[in-house]
Amino acid sequence: MRISTAGMYAQGLQSMLQRQSEMVRTHEQMTTGRLYSHAGQNPAAASTAQGLDHALAALDSYKTSAGHLDRRLNLQEHALTSANDRVGRARDLIVQANTPTLSADDRKTIATELRHLRAELISIANSNDGSGRALFAGTRDGVVPFADNAGTVVYAGNDGQNNVVVAPGLNLADADPGSALFMRMPTGDGMVRGSAGTANTGSGILQSASVTNHGAWNGSGITVEFTASDSYRVLDGSGNQVATGSWANGQTISAGGVQLKLDGSPEPGDSFSVQRAPEADIFATLKSLADALEAPGGSPADAARRTNALNAGLGDLTSAQEHLIGARASTGNRLSALDAAAESRIATSLSLETTLSGLRDVNYAEAASQFTMQLTALEAAQQVTLRIQGLSLFNKIG
């Protein structure tokens with residue numbers, strides 16, 4: 001077999017060039033910190049890394065959305081706390097006002113503070129998130145949710161509520177719409193609400209109303225109407241008489257699964273009703289209480305009307321506080337879920353980054369060792385080539 005001198009030289013040169021190319025590649029990896037500079041050098045790793053990059057970008061997007069939601073929910077929790085404080089103060093004022101020894105001027109002073117608390121609640125309900133968006137406008141932007149229109153608060157938002165993706169597969173509700181928080185508050189005890197007839201002329205006072213038999217209570221409401229100062233009849237929701245009885249001061253009347261406790265001296269024609277507790281806005285509740293305190297008249301009938309209004313309003317405020325506390329608890333649950341989502345994102349991101357680093361990043365200790373080996377191989381190839389170049393038949397003649 002004949003091997004030409006040119007062929008041996010070419011083979012030696014090719015070996016040195018290959019070793020140099022490998023060294024250049026390793027040096028580039030050590031300089032850039034990446035195992036490859038373009039996808040063609042490792043298509044499989046590049047494709048997998050691209051998928052991981054997209055996943056990490058999605059996690060960053062979730063983090064941004066979660067941060068925005070966290071700010072809004074914290075602002076909501078603060079607003080609900082402030083609103084609950086105002087409602088609690090209003091409740092304390094009604095307890096204070098519901099005493100017969102209070103003068104008309106004292107009642108007007110309390111009414112003035114109630115109206116001030118109402119104005120503060122409207123301001124709280126119009127809170128924004130610091131970026132120009134109202135907290136409690138639902139999904140509507142660019143509106144002031146609540147406006148006092150001649151004593152009636154009008155809601156300009158909607159009932160919508162955005163869901164925000166804060167982690168893979170996890171959506172959390174944004175701030176609650178103001179209609180649910182402030183305009184649809186439960187009244188009475190949350191189930192039933194008692195009230196005195198607006199045309200009552202006696203001094204009868206409804207002390208309490210409650211459901212005693214849920215099986216017998218059909219939710220249609222009943223009305224106790226006094227046919228004389230010591231007798232009454234009970235009407236159902238359709239106005240049909242379902243019971244009659246005699247009455248004495250302080251007696252409890254039971255019918256249709258509910259009971260009413262009455263004091264005072266009702267006049268014939270006076271009535272007291274129990275209905276399924278309706279929903280009412282807190283602003284209207286505070287206004288009606290202030291109006292009741294400012295109403296003129298010092299007769300026993302006037303005092304009874306005022307007391308009945310305050311008793312009913314006191315129950316409404318208690319239910320309103322419970323409603324706000326429940327909304328705060330829901331907000332707190334979402335904030336806790338946000339914290340859990342953040343921990344999940346961090347763990348997932350760390351896992352993805354570790355995998356991505358293994359696909360793309362250089363292990364400097366390994367690369368340095370490989371570079372040394374390649375340098376040694378190049379030097380060996382150079383030595384072999386030099387020795388081959390020194391071979392000649394003339395070296396055998398002597």
# chains A, B, ... in the order shown; residues from 1 in each chain; ligands from 1
>>> residues_around(residues="Ser229 in chain A", least_positions_apart="6", cutoff="10 Å", atoms="only C-alpha atoms", output="number ranges by chain")
A: 202, 204, 246-249, 265-270
>>> residues_around(residues="Gly130 in chain A", least_positions_apart="6", cutoff="12 Å", atoms="only C-alpha atoms", output="NGL selection string")
:A and (68 or 71-72 or 75)
>>> select_by_dssp(residues="range 33-273 of chain A", states="helix (DSSP H, G or I)", output="ChimeraX atom specification")
/A:39-41,43-97,104-125,178-183
>>> residues_around(residues="range 149-163 of chain A", least_positions_apart="4", cutoff="6 Å", atoms="only C-alpha atoms", output="compact mmCIF listing (two decimals) with N, CA and C atoms, in the first residue's frame")
# COMPACT_ATOMS: atom_id res chain seq x y z
N ALA A 137 -65.75 49.29 41.39
CA ALA A 137 -66.62 49.57 40.25
C ALA A 137 -66.90 48.32 39.43
N GLY A 138 -66.57 47.14 39.96
CA GLY A 138 -66.73 45.92 39.19
C GLY A 138 -65.69 45.87 38.09
N THR A 139 -66.13 45.60 36.87
CA THR A 139 -65.20 45.55 35.73
C THR A 139 -65.23 46.83 34.92
N ARG A 140 -65.91 47.85 35.40
CA ARG A 140 -65.96 49.13 34.68
C ARG A 140 -64.78 50.01 35.09
N PRO A 145 -67.66 55.10 41.23
CA PRO A 145 -68.72 54.11 41.46
C PRO A 145 -69.96 54.66 42.16
N ASN A 171 -56.73 30.68 39.25
CA ASN A 171 -57.34 31.99 39.05
C ASN A 171 -57.88 32.49 40.39
N LEU A 172 -57.67 33.76 40.67
CA LEU A 172 -58.20 34.36 41.89
C LEU A 172 -59.04 35.58 41.53
N ALA A 173 -60.11 35.79 42.29
CA ALA A 173 -61.02 36.90 42.01
C ALA A 173 -60.39 38.22 42.42
N ASP A 174 -60.61 39.22 41.59
CA ASP A 174 -60.16 40.58 41.86
C ASP A 174 -61.03 41.19 42.96
N PRO A 177 -67.17 43.74 43.56
CA PRO A 177 -67.92 44.91 43.08
C PRO A 177 -68.61 45.63 44.24
>>> select_by_dssp(residues="range 93-200 of chain A", states="strand (DSSP E or B)", output="list in words")
Asn128, Ala134, Phe146, Ala147, Asp148, Asn149, Thr152, Val153, Val154, Tyr155, Asn163, Val164, Val165, Val166, Ala167, Leu170, Asn171, Leu172, Ala173, Met185, Pro186, Val192, Arg193, Gly194, Ser195 and Ala196 of chain A
>>> decode(residues="range 198-210 of chain A", atoms="N, CA and C atoms", output="compact mmCIF listing (two decimals), in the first residue's frame")
# COMPACT_ATOMS: atom_id res chain seq x y z
N THR A 198 -96.00 52.24 59.44
CA THR A 198 -95.68 53.67 59.41
C THR A 198 -96.86 54.53 59.86
N ALA A 199 -98.08 53.99 59.82
CA ALA A 199 -99.27 54.76 60.21
C ALA A 199 -99.71 54.48 61.64
N ASN A 200 -98.86 53.76 62.42
CA ASN A 200 -99.24 53.44 63.80
C ASN A 200 -99.44 54.73 64.61
N THR A 201 -100.45 54.69 65.47
CA THR A 201 -100.74 55.86 66.31
C THR A 201 -100.53 55.57 67.80
N GLY A 202 -100.30 54.31 68.13
CA GLY A 202 -100.09 53.95 69.53
C GLY A 202 -98.62 53.99 69.90
N SER A 203 -98.32 53.53 71.11
CA SER A 203 -96.94 53.53 71.60
C SER A 203 -96.35 52.13 71.62
N GLY A 204 -96.93 51.23 70.80
CA GLY A 204 -96.40 49.87 70.73
C GLY A 204 -95.00 49.84 70.13
N ILE A 205 -94.13 49.05 70.73
CA ILE A 205 -92.74 48.95 70.28
C ILE A 205 -92.41 47.49 70.00
N LEU A 206 -91.87 47.25 68.80
CA LEU A 206 -91.42 45.91 68.42
C LEU A 206 -90.00 45.71 68.94
N GLN A 207 -89.88 44.87 69.95
CA GLN A 207 -88.57 44.65 70.56
C GLN A 207 -87.71 43.65 69.78
N SER A 208 -88.34 42.62 69.22
CA SER A 208 -87.57 41.62 68.47
C SER A 208 -88.49 40.83 67.58
N ALA A 209 -87.92 40.23 66.55
CA ALA A 209 -88.64 39.34 65.64
C ALA A 209 -87.66 38.28 65.17
N SER A 210 -88.08 37.02 65.19
CA SER A 210 -87.17 35.94 64.81
C SER A 210 -87.95 34.72 64.36
